[in-house]
Amino acid sequence: MPHSNEIHNNTPQFPINIVVAIVGGAKVSDKILLLEHILQQIDSLLIGGAMAYTFLKAQGYQIANSFHEYGQSFLDKYGELKDIDEMAQNFLAKAQACNVQVLLPIDHICHTSCDGTDSPFITENASVPDGYMALDIGPRTIELYKNTIDESRTAVWNGPMGVFEIPTYATGSFSIAKAMGDGTQERGLLSIIGGGASATAAERCGQSSRVSHVSGGGGASLDLLEGKVLPGINALDDLE
């Protein structure tokens, strides 16, 4: 635990620290409020997984049968009804105001159902054609995201880029893990992987031992990047 705390608390202290957050997973509603809070701490935000399709839909792209939350709403912890479409659009505007580069997938690995296949369809752009669902980020997106990680001094990853449990759709997540592992080993990138699914993906592709830190607490990793002190860590500090 002290090692974990030391890593996170050192995150904002590089002389010239370029911070990238890589966020995936299923639901925008689970992470958007937390993402808003860290906009002041990051330079780039790379979005993948199913949550990317809600943002793409909000920007007018066709997403066909891809999982998304567009057109939905949810109750926040105060009982207030939140419109996800409006929140997604407002978030992108806030990110722009904070000079945070938000990157969304520019191509996708698709299939007609969420099943493995030897011949997935790769889109030419950010739109998904009728009859298909996007299940992983495509090769051009992978290259774009890897280049952004390569230009960073700190990288925090929370949430897979696709349905990595199915080998057909594991390349995106595995590529992010490898980019972080390579950066750590070759140039001292501070790399933090948080969240059970991301940690599992990194372990499956042999990268978990090559990054700075792997944690099961995805939200906690983002909280610490924001500068918050978690109750458990605070309690340990009080014992010293």
# chains A, B, ... in the order shown; residues from 1 in each chain; ligands from 1

$ select_by_dssp --residues "stretch 10-217 of chain A" --states "helix (DSSP H, G or I)" --output "PyMOL selection string"
chain A and resi 11-13+28-37+39-41+51-58+84-97+139-150+167-169+171-187+196-204

$ residues_around --residues "A:Leu92" --least-positions-apart "5" --cutoff "9 Å" --atoms "only C-alpha atoms" --output "PyMOL selection string"
chain A and resi 55+87+97+102

$ write_last_selection --atoms "N, CA and C atoms" --output "compact mmCIF listing (two decimals), in the first residue's frame"
# COMPACT_ATOMS: atom_id res chain seq x y z
N PHE A 55 -20.32 8.68 -26.84
CA PHE A 55 -19.73 9.95 -27.25
C PHE A 55 -19.78 10.12 -28.77
N MET A 87 -24.93 15.33 -20.95
CA MET A 87 -23.70 15.23 -20.17
C MET A 87 -22.50 14.94 -21.07
N ALA A 97 -12.45 23.39 -23.21
CA ALA A 97 -12.16 24.60 -22.44
C ALA A 97 -10.93 24.43 -21.55
N VAL A 102 -9.27 15.20 -26.34
CA VAL A 102 -10.09 14.00 -26.19
C VAL A 102 -10.07 13.25 -27.52

$ residues_around --residues "A:Asn99" --least-positions-apart "2" --cutoff "10 Å" --atoms "only C-alpha atoms" --output "list of chain:residue names"
A:Leu39, A:Gln40, A:Ile42, A:Asp43, A:Ser44, A:Ala93, A:Lys94, A:Ala95, A:Gln96, A:Ala97, A:Gln101, A:Val102

$ select_by_dssp --residues "stretch 114-199 of chain A" --states "strand (DSSP E or B)" --output "MDAnalysis selection string"
chainID A and resid 121:122 133:137 154:158 190:194

$ write_last_selection --atoms "C-alpha atoms" --output "CSV table (one decimal), in the first residue's frame"
chain,number,residue,atom,x,y,z
A,121,PHE,CA,-15.2,-6.3,-40.3
A,122,ILE,CA,-12.9,-3.3,-39.9
A,133,MET,CA,-21.7,-3.7,-33.6
A,134,ALA,CA,-18.3,-2.3,-32.7
A,135,LEU,CA,-16.4,-4.6,-30.3
A,136,ASP,CA,-12.9,-3.3,-30.2
A,137,ILE,CA,-10.9,-0.3,-31.4
A,154,THR,CA,2.4,9.5,-17.0
A,155,ALA,CA,-0.4,7.1,-18.2
A,156,VAL,CA,-3.4,6.0,-16.2
A,157,TRP,CA,-5.6,3.3,-17.7
A,158,ASN,CA,-9.0,2.3,-16.4
A,190,LEU,CA,4.9,6.3,-14.9
A,191,SER,CA,2.2,3.8,-15.8
A,192,ILE,CA,-0.8,2.9,-13.6
A,193,ILE,CA,-3.4,0.3,-14.5
A,194,GLY,CA,-6.5,0.4,-12.4

$ closest_residue --among "A:Ala197, A:Ala64, A:Ile149, A:Ala58" --to "A:Ser175" --atoms "only C-alpha atoms"
A:Ile149

$ closest_residue --among "A:Cys205, A:Leu104, A:Cys110, A:Ile18" --to "A:Ala52" --atoms "only C-alpha atoms"
A:Leu104

$ residues_around --residues "A:Gly172" --least-positions-apart "4" --cutoff "9 Å" --atoms "only C-alpha atoms" --output "count of residues only"
13
